[in-house]
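Notes follow the structure.
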Amino acid sequence: QVQLVESGGGSVQAGGSLRLSCAAAGGYTGLCMGWFRQAPGKEREGVASISTGVGRTNYADSVKGRFTISRDNSKNTVYLQMNSLIPGDTAMYYCVAPRDFVDYIQCGHFGILKSGYWGQGTQVTVSS
């Protein structure tokens, strides 16, 4: 059974930075992983995804230029470096990995990732 375990959330002031980590256990070997978030009263939204086979990344418009997704294949861990945080980034952040093979094009579609494995989430709170 694949398990995704997130860490690194916390509370920061606007303009600050956080780095989230997600370790994949249970034999996950897929090349695609991503991050979603959900703010109170809002739907879950895709934040970023990475397909390490071709080094392709994808970001939501709201985080482009501020967030960076990366992956350490040797540790089977994906990271989300979040800089210049704003109160609008406050949300529960979830790591996601597809259940089946997806190519690098499919990996860029958050709608496809949504049906994959999910972690338990890590809370990020940004105060003004």
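Ordering of the structure tokens sets the chain letters (A, B, ...); residue numbers start at 1 within each chain; ligands are numbered from 1 in the order shown.
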Run DSSP on the backbone and grab whatever in chain A lands in alpha helix (DSSP H); send it over as a ChimeraX atom specification. /A:104-107,110-113
Could you write out the selected residues, including N, CA and C atoms, as an mmCIF file, in the first residue's frame?
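What ended up in out.cif:
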data_model
loop_
_atom_site.group_PDB
_atom_site.id
_atom_site.type_symbol
_atom_site.label_atom_id
_atom_site.label_comp_id
_atom_site.auth_asym_id
_atom_site.auth_seq_id
_atom_site.Cartn_x
_atom_site.Cartn_y
_atom_site.Cartn_z
ATOM 1 N N TYR A 104 4.478 12.518 -19.061
ATOM 2 C CA TYR A 104 4.796 13.852 -18.557
ATOM 3 C C TYR A 104 3.720 14.862 -18.937
ATOM 4 N N ILE A 105 3.005 14.620 -20.013
ATOM 5 C CA ILE A 105 1.919 15.533 -20.386
ATOM 6 C C ILE A 105 0.756 15.383 -19.415
ATOM 7 N N GLN A 106 0.387 14.124 -19.133
ATOM 8 C CA GLN A 106 -0.695 13.870 -18.188
ATOM 9 C C GLN A 106 -0.333 14.373 -16.796
ATOM 10 N N CYS A 107 0.934 14.315 -16.454
ATOM 11 C CA CYS A 107 1.382 14.750 -15.132
ATOM 12 C C CYS A 107 1.120 16.239 -14.934
ATOM 13 N N PHE A 110 -3.765 18.651 -13.421
ATOM 14 C CA PHE A 110 -4.158 18.418 -12.038
ATOM 15 C C PHE A 110 -5.405 17.548 -11.926
ATOM 16 N N GLY A 111 -6.262 17.606 -12.921
ATOM 17 C CA GLY A 111 -7.470 16.786 -12.887
ATOM 18 C C GLY A 111 -7.160 15.299 -12.904
ATOM 19 N N ILE A 112 -6.062 14.925 -13.546
ATOM 20 C CA ILE A 112 -5.648 13.516 -13.578
ATOM 21 C C ILE A 112 -5.023 13.121 -12.249
ATOM 22 N N LEU A 113 -4.208 14.010 -11.684
ATOM 23 C CA LEU A 113 -3.556 13.697 -10.404
ATOM 24 C C LEU A 113 -4.557 13.543 -9.274
#
Just list the residues in chain A DSSP gives strand (DSSP E) on the backbone, as JSON, numbers by chain. {"A": [3, 4, 5, 6, 7, 10, 11, 12, 13, 18, 19, 20, 21, 22, 23, 24, 25, 32, 33, 34, 35, 36, 37, 38, 45, 46, 47, 48, 49, 50, 51, 56, 57, 58, 59, 67, 68, 69, 70, 71, 72, 77, 78, 79, 80, 81, 82, 91, 92, 93, 94, 95, 96, 97, 117, 118, 122, 123, 124, 125, 126, 127]}
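Computed from the coordinates, the CA of Thr29 (chain A) to CA of Asp72 (chain A) distance equals 12.2 Å.
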Could you name the residues that touch Thr77 (chain A) at 6 Å or less, counting only C-alpha atoms, but leaving out those on the same chain fewer than 6 positions away, as a list in words? Cys22, Ala23 and Arg71 of chain A
Go ahead and save the picked residues with N, CA and C atoms, as a CSV table (one decimal), in the first residue's frame.
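part07.csv, written as the output of this step:
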chain,number,residue,atom,x,y,z
A,22,CYS,N,7.5,15.5,1.1
A,22,CYS,CA,6.6,14.3,1.0
A,22,CYS,C,7.4,13.1,0.7
A,23,ALA,N,7.4,12.2,1.6
A,23,ALA,CA,8.1,10.9,1.4
A,23,ALA,C,7.1,9.8,1.0
A,71,ARG,N,12.3,17.0,-6.7
A,71,ARG,CA,12.2,15.6,-6.2
A,71,ARG,C,13.6,15.0,-6.1
With only C-alpha atoms as the counted atoms, please give the residues lying no more than 12 Å from Thr122 (chain A), apart from itself and same-chain residues fewer than 4 positions off, as an mmCIF file with C-alpha atoms, in the first residue's frame.
data_model
loop_
_atom_site.group_PDB
_atom_site.id
_atom_site.type_symbol
_atom_site.label_atom_id
_atom_site.label_comp_id
_atom_site.auth_asym_id
_atom_site.auth_seq_id
_atom_site.Cartn_x
_atom_site.Cartn_y
_atom_site.Cartn_z
ATOM 1 C CA LEU A 4 2.559 9.567 1.298
ATOM 2 C CA VAL A 5 3.768 11.387 4.393
ATOM 3 C CA GLU A 6 3.997 15.175 4.328
ATOM 4 C CA SER A 7 5.974 17.383 6.694
ATOM 5 C CA GLY A 8 7.283 20.911 6.931
ATOM 6 C CA GLY A 9 4.113 22.917 7.404
ATOM 7 C CA GLY A 10 3.846 25.674 9.957
ATOM 8 C CA SER A 11 3.008 29.298 10.613
ATOM 9 C CA LEU A 18 8.570 27.225 4.041
ATOM 10 C CA ARG A 19 9.679 23.958 2.506
ATOM 11 C CA LEU A 20 7.287 21.043 2.449
ATOM 12 C CA SER A 21 8.453 17.463 2.060
ATOM 13 C CA CYS A 22 6.572 14.342 1.033
ATOM 14 C CA TRP A 35 0.950 19.029 -4.487
ATOM 15 C CA PHE A 36 -2.607 20.201 -3.910
ATOM 16 C CA ARG A 37 -3.994 22.538 -1.289
ATOM 17 C CA GLN A 38 -7.348 23.261 0.283
ATOM 18 C CA ALA A 39 -8.266 26.420 2.113
ATOM 19 C CA LEU A 80 7.713 22.193 -2.388
ATOM 20 C CA THR A 90 -2.978 29.559 3.890
ATOM 21 C CA ALA A 91 -4.306 26.039 3.401
ATOM 22 C CA MET A 92 -3.841 22.366 4.102
ATOM 23 C CA TYR A 93 -1.268 21.101 1.634
ATOM 24 C CA TYR A 94 -1.488 17.555 0.298
ATOM 25 C CA CYS A 95 0.994 15.410 -1.573
ATOM 26 C CA TRP A 118 -3.176 11.329 -1.182
#
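Checking A:Phe67, A:Tyr59, A:Tyr28, A:Tyr79 one by one against Gly108 (chain A), counting only C-alpha atoms, you find the shortest gap at A:Tyr59.
For the pair CA of Ser49 (chain A) and CA of His109 (chain A), the interatomic distance is 8.4 Å.
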